[in-house]
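Asker: What follows is a single structure, and I will ask about it in a moment.
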Amino acid sequence: MSSFKELSFCVELGAPLWTELKCGFRSVTIILIKFPFALTTSLTGGNASILISVTGSDTVEVTEVTLVDSSGPTEVNGSLQALGSGNFLVTFSDVPAGVFVVRLRGEDSSATSRSTPDSFQRQASTQIKTSSISVTTQANNTSVEPGSSISIPFTVATTTNGVVNDSASGTFTVRANNDRSFASTSPGTVSITEGSGGKANGTVTLTVPGDAASGTDVTLTIEAENAASSDINYALIRVSVAAKVTDVNRPVCQEVSRSGICPSSASLCASSQWEFIANLTDGINGTGIDSITIRTGNGTLNTSSATGAGGESVTVVTYSASCCSQNVELNAVDKEGNVGTCVGQARTTAATAAPVTTAAPVTTAAVNTTSSRGHTLSTSHCLMICVVISLLWK
């Protein structure tokens with residue numbers, strides 16, 4: 001049997017439901033074990049899965065992961081599934097009752113001087129205690145508006161080998177907390193009575209302040225402890241704060257004026273400027289314009305505020321640029337994220353035709369011109385009159 005290297009885990013707490021165990025192997029390899037139950041949160045007799053990530057080395061392979069009962073010979077081996085990129089998913093069909101630790105074994109094939117891989121073993125220094133209390137939530141909606149309240153129903157039960165004991169009874173202390181310190185109410189205790197199916201129900205009400213920002217996440221913890229204070233478990237639920245959307249219309253752009261005329265010749269553009277002024281509004285019932293940015297154009301943008309005839313808030317935009325940049329497109333975003341566009345284009349001088357030095361005889365259609373008196377003359381008529389005069393002169 002190969003000799004094993006006994007190396008301790010360095011313990012680092014991660015997310016609320018994940019405990020992370022890290023340690024270095026030969027100063028280059030980090031083995032990270034994640035399992036979805038922190039201290040006293042795993043149900044006795046229930047199944048569980050853990051994720052193992054090996055980073056810093058391509059030569060380390062995990063071969064065995066075991067849950068070891070600290071008080072007896074009970075060991076539960078996991079089923080490994082390689083996920084690639086140094087990740088392994090380990091599934092356990094059972095979890096030991098009481099206190100247990102995680103033990104990991106693997107092989108390192110980096111030693112080129114040996115014909116067989118070097119085996120190693122590691123055992124977590126943190127002990128995990130299972131619980132026979134189950135706490136579950138039944139929230140149909142986990143979104144709440146600022147200034148409103150949300151009710152979270154929960155159920156407490158006693159389990160045996162992962163199954164609810166419908167003949168159990170008892171009283172449990174309930175504590176509810178959240179990571180935003182929002183006000184909440186909950187029953188101090190719940191009781192499992194005969195005929196209740198081994199379950200006790202309660203409700204936690206969470207109140208969100210009116211000034212809470214939309215998009216804020218609140219993690220609510222509902223904890224239940226037995227009367228003897230010897231067993232405890234909890235449930236986590238995440239609630240999102242979302243303001244009611246009343247503005248579904250995009251900002252509207254109305255051109256006010258354009259000034260400056262750009263030369264048609266590109267070689268003269270740098271010496272001329274043009275200006276574009278427009279009013280942007282989000283309507284009388286809009287949430288208001290939050291930002292205005294230049295999407296197309298290489299000029300200067302200035303904004304000012306005004307009030308429209310209907311009392312709506314108006315943002316006046318003034319865009320000025322060199323005639324070398326004759327187009328502008330602005331994006332206006334209101335406070336609900338609706339996006340409107342505003343487009344402007346510089347005026348240019350008409351191209352001047354080159355003077356004609358020689359002209360071959362051509363036949364053209366009649367061209368109408370307007371005299372200073374307002375009468376319309378025809379070029380073909382003029383030619384006929386000239387011919388008649390010439391004949392009479394002869």
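Lettering and numbering for the structure tokens are positional, with chains as A, B, ... in the shown order, residues counted from 1 in each chain, and ligands counted from 1 in the shown order.
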Would you please extract all strand (DSSP E or B) residues from stretch 77-309 of chain A, as assigned by DSSP on the backbone, and give them as number ranges by chain?
Answerer: A: 77, 79-84, 87-92, 99-108, 118-123, 128-131, 133-137, 143-144, 149-160, 163-164, 170-178, 184-185, 189-192, 199-207, 217-226, 232-241, 252-259, 261-262, 273-281, 289-296, 300-307
Asker: Which polymer residues have any atom within 10 Å of an atom of A:Ser169, counting only C-alpha atoms, with same-chain residues fewer than 6 positions away left out, as a list of chain:residue names?
Answerer: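 The residues satisfying every condition are A:Ala157, A:Thr158, A:Ser191, A:Ile192, A:Thr193, A:Glu194, A:Gly195, A:Ser196, A:Gly197, A:Gly198, A:Lys199, A:Ala200.
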Asker: Between atom CA of A:Gly283 and atom CA of A:Gly340, what is the spacing in Å?
Answerer: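 One can read the atom CA of A:Gly340 to atom CA of A:Gly283 distance as 12.2 Å.
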Asker: So which bits of stretch 133-350 of chain A end up helix (DSSP H, G or I) when you DSSP the backbone, as a VMD selection string?
Answerer: chain A and resid 266 to 271
Asker: Would you mind exporting C-alpha atoms of the selected residues as a tab-separated table (two decimals), in the first residue's frame?
Answerer:
chain	number	residue	atom	x	y	z
A	266	ALA	CA	-13.52	68.51	-47.53
A	267	SER	CA	-10.27	70.46	-47.64
A	268	LEU	CA	-12.01	73.47	-46.10
A	269	CYS	CA	-13.95	71.65	-43.34
A	270	ALA	CA	-11.54	72.35	-40.48
A	271	SER	CA	-12.07	76.10	-40.70
Asker: Write out as a PyMOL selection string which residues come within 12 Å of A:Lys335 when counting only C-alpha atoms, dropping same-chain ones fewer than 3 positions away.
Answerer: chain A and resi 214+243+245-251+282+286-292+332+338-339
Asker: Restricted to N, CA and C atoms, what would the selected residues look like written as a PDB file, in the first residue's frame?
Answerer:
ATOM      1  N   SER A 214     -33.810  50.110  -6.293  1.00  0.00           N
ATOM      2  CA  SER A 214     -34.264  48.991  -7.108  1.00  0.00           C
ATOM      3  C   SER A 214     -33.058  48.179  -7.564  1.00  0.00           C
ATOM      4  N   ALA A 243     -38.515  48.214  -8.173  1.00  0.00           N
ATOM      5  CA  ALA A 243     -39.528  49.257  -8.258  1.00  0.00           C
ATOM      6  C   ALA A 243     -40.497  48.947  -9.391  1.00  0.00           C
ATOM      7  N   VAL A 245     -42.486  49.336 -12.606  1.00  0.00           N
ATOM      8  CA  VAL A 245     -42.175  50.045 -13.841  1.00  0.00           C
ATOM      9  C   VAL A 245     -43.434  50.745 -14.350  1.00  0.00           C
ATOM     10  N   THR A 246     -43.389  52.088 -14.390  1.00  0.00           N
ATOM     11  CA  THR A 246     -44.518  52.873 -14.894  1.00  0.00           C
ATOM     12  C   THR A 246     -44.157  53.615 -16.177  1.00  0.00           C
ATOM     13  N   ASP A 247     -42.889  53.696 -16.468  1.00  0.00           N
ATOM     14  CA  ASP A 247     -42.417  54.412 -17.660  1.00  0.00           C
ATOM     15  C   ASP A 247     -41.917  53.401 -18.673  1.00  0.00           C
ATOM     16  N   VAL A 248     -42.671  53.235 -19.757  1.00  0.00           N
ATOM     17  CA  VAL A 248     -42.276  52.285 -20.801  1.00  0.00           C
ATOM     18  C   VAL A 248     -41.984  52.990 -22.123  1.00  0.00           C
ATOM     19  N   ASN A 249     -42.025  54.326 -22.101  1.00  0.00           N
ATOM     20  CA  ASN A 249     -41.807  55.093 -23.323  1.00  0.00           C
ATOM     21  C   ASN A 249     -40.385  55.628 -23.369  1.00  0.00           C
ATOM     22  N   ARG A 250     -39.811  55.623 -24.550  1.00  0.00           N
ATOM     23  CA  ARG A 250     -38.455  56.122 -24.729  1.00  0.00           C
ATOM     24  C   ARG A 250     -38.458  57.641 -24.818  1.00  0.00           C
ATOM     25  N   PRO A 251     -37.355  58.296 -24.462  1.00  0.00           N
ATOM     26  CA  PRO A 251     -37.265  59.753 -24.600  1.00  0.00           C
ATOM     27  C   PRO A 251     -37.480  60.190 -26.045  1.00  0.00           C
ATOM     28  N   ASP A 282     -38.895  63.215 -21.567  1.00  0.00           N
ATOM     29  CA  ASP A 282     -39.382  61.868 -21.255  1.00  0.00           C
ATOM     30  C   ASP A 282     -40.887  61.872 -20.998  1.00  0.00           C
ATOM     31  N   GLY A 286     -43.067  60.562 -17.336  1.00  0.00           N
ATOM     32  CA  GLY A 286     -41.827  59.805 -17.419  1.00  0.00           C
ATOM     33  C   GLY A 286     -40.997  59.925 -16.151  1.00  0.00           C
ATOM     34  N   THR A 287     -40.040  59.049 -16.045  1.00  0.00           N
ATOM     35  CA  THR A 287     -39.158  59.056 -14.875  1.00  0.00           C
ATOM     36  C   THR A 287     -38.044  60.072 -15.001  1.00  0.00           C
ATOM     37  N   GLY A 288     -37.874  60.648 -16.178  1.00  0.00           N
ATOM     38  CA  GLY A 288     -36.841  61.648 -16.377  1.00  0.00           C
ATOM     39  C   GLY A 288     -35.629  61.079 -17.083  1.00  0.00           C
ATOM     40  N   ILE A 289     -34.957  61.943 -17.822  1.00  0.00           N
ATOM     41  CA  ILE A 289     -33.761  61.520 -18.560  1.00  0.00           C
ATOM     42  C   ILE A 289     -32.596  61.400 -17.601  1.00  0.00           C
ATOM     43  N   ASP A 290     -31.930  60.259 -17.664  1.00  0.00           N
ATOM     44  CA  ASP A 290     -30.823  59.977 -16.746  1.00  0.00           C
ATOM     45  C   ASP A 290     -29.467  60.309 -17.360  1.00  0.00           C
ATOM     46  N   SER A 291     -29.296  60.040 -18.654  1.00  0.00           N
ATOM     47  CA  SER A 291     -28.000  60.306 -19.284  1.00  0.00           C
ATOM     48  C   SER A 291     -28.185  60.538 -20.774  1.00  0.00           C
ATOM     49  N   ILE A 292     -27.270  61.341 -21.333  1.00  0.00           N
ATOM     50  CA  ILE A 292     -27.234  61.605 -22.775  1.00  0.00           C
ATOM     51  C   ILE A 292     -25.793  61.442 -23.224  1.00  0.00           C
ATOM     52  N   ALA A 332     -30.269  58.981 -25.603  1.00  0.00           N
ATOM     53  CA  ALA A 332     -30.841  59.484 -24.353  1.00  0.00           C
ATOM     54  C   ALA A 332     -31.478  58.325 -23.615  1.00  0.00           C
ATOM     55  N   ASN A 338     -35.146  53.065 -20.719  1.00  0.00           N
ATOM     56  CA  ASN A 338     -35.635  53.242 -22.086  1.00  0.00           C
ATOM     57  C   ASN A 338     -34.683  54.164 -22.844  1.00  0.00           C
ATOM     58  N   VAL A 339     -34.394  53.811 -24.093  1.00  0.00           N
ATOM     59  CA  VAL A 339     -33.394  54.539 -24.879  1.00  0.00           C
ATOM     60  C   VAL A 339     -34.054  55.206 -26.077  1.00  0.00           C
TER      61      VAL A 339
END
